[in-house]
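This report refers to the structure that appears directly beneath it.
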Amino acid sequence: MKIEAIKAALPTKKLTNDDILALIEEYSQPIFAGDLKAALSKINFFLRYSGSDIRYWLDKNEKPIDLVARAFQEAIIEANCDKDDIDLLIYTGIGRGFIEPAAAYHVAASLGLQHAECFDILDACMSWTRVLNIVYSLLQIGRYKRALIVNAECNMRFGGAVFPSVFQLPNIEAIEWSFPAYTLGEAATATIVSYDPDREWEFHFKSRPDLADLCNVPLDGYEGYCTPSGRIGLNGINKFTSFGVELHANGYQEIIDIFKCLKAPIDEVRAIFPHASSKREWDKVAEALNIKHLLWHIYPTYGNLVSASVPTGIASAIEAGQIKRGDRIAGWVGSAGMSFCAYSFIY
């Protein structure tokens, strides 16, 4: 499978850590019980400790579909193909405007793709990586010739699952299950792939469903669809709750073990693209394997882009000249679920 093009589009509203702290102070002030300044100091420490600096959110005049369209137009030009050459469109990721039908249908209509088969795949921050694995198999059996993978991880809209509700801290204890919200950025990506028998991909996945309650956005009535846990829904129904410290702590050895499954020689790998959940935490696992020098981080400059993290990382590395055609690269993801993946391919 060949990546013919991979493009990322970011919104224009730039926020620093100080901006995030100001928003938390503004929305927490009326309800916070305790020392708010101490809570803000703690969040500030965690942000800087993790390597966070900047992230971008949609401005008032920007829409997620605009970012998708921009990324798609750049991708189709680079791939040197027509819209009618795309016979499969998969929409993936958490950010979405529809539960029904699949968001892919609305995206296809907006982009003018009238001949593409459409469906969605959702697997938290693993979504884009999971789609690559599935599309790789579908292309190999000849079901499709060329696929477009898009996402629009624009999860910071006012009244959504994150903002401002998770910025309304009731007490200092709530930081434990709210902090990851303060690292989030927004982006959309478009990836065009086609069948290529000379480019073999290697994927390794592992799931840890016993850790499923560490990161959730529960829907109304969720209790009937799972074994309830006291961790789920601490920030409310349809709101983001995430125990970031525990996610990384539980994932530490799993991330190391999954990377060790790769058969590709590490001395052939030009760059490794981790999920942008924390620069420091990914550096820790990379140091354990002596591969820290290969990591390409976007977390400090774009924040946690959810399932758009790895494709945005690859797109930015291409633009910066860090990787070129013929280079072997690797992806490395830990996600809510929890799930873990390491994969390698020739760009």
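Just remember, in the structure tokens the first chain shown is A, the second B, etc., residues are 1-based per chain, and ligands are 1-based in the order shown.
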
Residues of range 13-91 of chain A at most 6 Å from range 171-187 of chain A: nearest atom pair and distance in Å, only C-alpha atoms, as CSV:
residue,atom,partner,partner_atom,distance
A:Phe32,CA,A:Asn171,CA,5.4
A:Ala33,CA,A:Asn171,CA,5.2
A:Ala39,CA,A:Ile172,CA,5.4
A:Arg55,CA,A:Gly185,CA,4.8
A:Tyr56,CA,A:Gly185,CA,5.3
A:Trp57,CA,A:Glu186,CA,5.3

Output for the residues just chosen: N, CA, C and O atoms as a compact mmCIF listing (two decimals), in the first residue's frame:
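The resulting file, part-v8.txt, is shown below:
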# COMPACT_ATOMS: atom_id res chain seq x y z
N PHE A 32 -15.78 26.88 41.96
CA PHE A 32 -14.66 26.17 42.56
C PHE A 32 -14.70 26.23 44.08
O PHE A 32 -14.86 27.30 44.68
N ALA A 33 -14.52 25.06 44.69
CA ALA A 33 -14.47 24.97 46.15
C ALA A 33 -13.03 24.71 46.57
O ALA A 33 -12.49 23.64 46.32
N ALA A 39 -4.84 25.19 42.30
CA ALA A 39 -5.23 24.28 41.23
C ALA A 39 -4.62 24.71 39.90
O ALA A 39 -4.11 23.88 39.13
N ARG A 55 -1.46 25.19 21.01
CA ARG A 55 -2.44 24.39 20.27
C ARG A 55 -3.33 25.36 19.50
O ARG A 55 -3.36 26.57 19.79
N TYR A 56 -4.06 24.85 18.50
CA TYR A 56 -4.91 25.69 17.65
C TYR A 56 -6.34 25.18 17.69
O TYR A 56 -6.59 23.99 17.59
N TRP A 57 -7.28 26.14 17.84
CA TRP A 57 -8.70 25.83 17.83
C TRP A 57 -9.36 26.59 16.68
O TRP A 57 -8.84 27.59 16.19

Shell of 7 Å around range 228-234 of chain A, only C-alpha atoms, local chain residues under 4 positions omitted, as a compact mmCIF listing (two decimals) with all heavy atoms, in the first residue's frame:
# COMPACT_ATOMS: atom_id res chain seq x y z
N ASP A 213 -12.33 2.01 31.37
CA ASP A 213 -12.98 3.11 32.10
C ASP A 213 -12.05 4.29 32.38
O ASP A 213 -12.45 5.25 33.04
CB ASP A 213 -13.58 2.59 33.41
CG ASP A 213 -12.53 2.08 34.39
OD1 ASP A 213 -11.35 2.00 34.02
OD2 ASP A 213 -12.91 1.74 35.54
N LEU A 214 -10.83 4.27 31.83
CA LEU A 214 -9.89 5.36 32.09
C LEU A 214 -10.10 6.59 31.21
O LEU A 214 -9.60 7.66 31.53
CB LEU A 214 -8.45 4.86 31.92
CG LEU A 214 -7.94 3.88 32.97
CD1 LEU A 214 -6.49 3.50 32.67
CD2 LEU A 214 -8.07 4.47 34.37
N ASN A 216 -13.32 8.25 28.66
CA ASN A 216 -14.65 8.03 28.09
C ASN A 216 -15.38 9.33 27.79
O ASN A 216 -15.16 10.34 28.46
CB ASN A 216 -15.52 7.22 29.06
CG ASN A 216 -15.10 5.79 29.22
OD1 ASN A 216 -15.59 4.90 28.55
ND2 ASN A 216 -14.15 5.55 30.12
N PRO A 218 -19.27 9.25 27.70
CA PRO A 218 -20.44 8.37 27.75
C PRO A 218 -21.70 9.05 27.21
O PRO A 218 -21.91 10.25 27.39
CB PRO A 218 -20.58 8.08 29.25
CG PRO A 218 -20.03 9.32 29.90
CD PRO A 218 -18.90 9.78 29.02
N GLU A 223 -25.11 3.17 30.89
CA GLU A 223 -25.03 2.15 31.93
C GLU A 223 -25.57 0.80 31.47
O GLU A 223 -25.13 -0.25 31.97
CB GLU A 223 -25.81 2.59 33.17
CG GLU A 223 -25.33 3.89 33.80
CD GLU A 223 -26.06 5.11 33.25
OE1 GLU A 223 -26.65 5.02 32.15
OE2 GLU A 223 -26.05 6.15 33.93
N THR A 241 -14.14 12.61 30.08
CA THR A 241 -13.49 12.28 31.34
C THR A 241 -12.28 11.41 31.03
O THR A 241 -12.42 10.38 30.36
CB THR A 241 -14.44 11.51 32.28
OG1 THR A 241 -15.56 12.35 32.61
CG2 THR A 241 -13.74 11.09 33.55

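Separating CA of Met1 in chain A from CA of Ala108 in chain A is a distance of 22.4 Å.
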
Enumerate, in order of chain and increasing residue number, the residues of range 27-121 of chain A with an atom no farther than 9 Å from range 305-322 of chain A, each with its shortest atom pair and distance in Å to one decimal, counting only C-alpha atoms, as a tab-separated table.
residue	atom	partner	partner_atom	distance
A:Arg55	CA	A:Leu305	CA	8.9
A:Thr92	CA	A:Ser307	CA	7.9
A:Gly93	CA	A:Ser307	CA	5.5
A:Ile94	CA	A:Ser307	CA	7.4
A:Gly95	CA	A:Val306	CA	8.9

Could you pull out the residues in range 85-115 of chain A that DSSP calls strand (DSSP E) from the backbone, as a list in words? Leu88, Leu89, Ile90, Tyr91 and Thr92 of chain A

Print the selection's residues with C-alpha atoms to a file, as an mmCIF file, in the first residue's frame.
data_model
loop_
_atom_site.group_PDB
_atom_site.id
_atom_site.type_symbol
_atom_site.label_atom_id
_atom_site.label_comp_id
_atom_site.auth_asym_id
_atom_site.auth_seq_id
_atom_site.Cartn_x
_atom_site.Cartn_y
_atom_site.Cartn_z
ATOM 1 C CA LEU A 88 -13.621 4.358 -0.938
ATOM 2 C CA LEU A 89 -13.981 7.136 1.634
ATOM 3 C CA ILE A 90 -13.628 6.377 5.327
ATOM 4 C CA TYR A 91 -14.304 8.994 7.972
ATOM 5 C CA THR A 92 -12.561 8.261 11.239
#

Top pick for closest residue to Asn235 in chain A, considering A:Gly34, A:Gly326, A:Pro300, A:Pro164 and counting only C-alpha atoms: A:Pro164

Once DSSP has gone over the backbone, tell me which residues of range 10-140 of chain A are in alpha helix (DSSP H), as a ChimeraX atom specification. /A:17-28,36-50,64-79,103-111,127-140
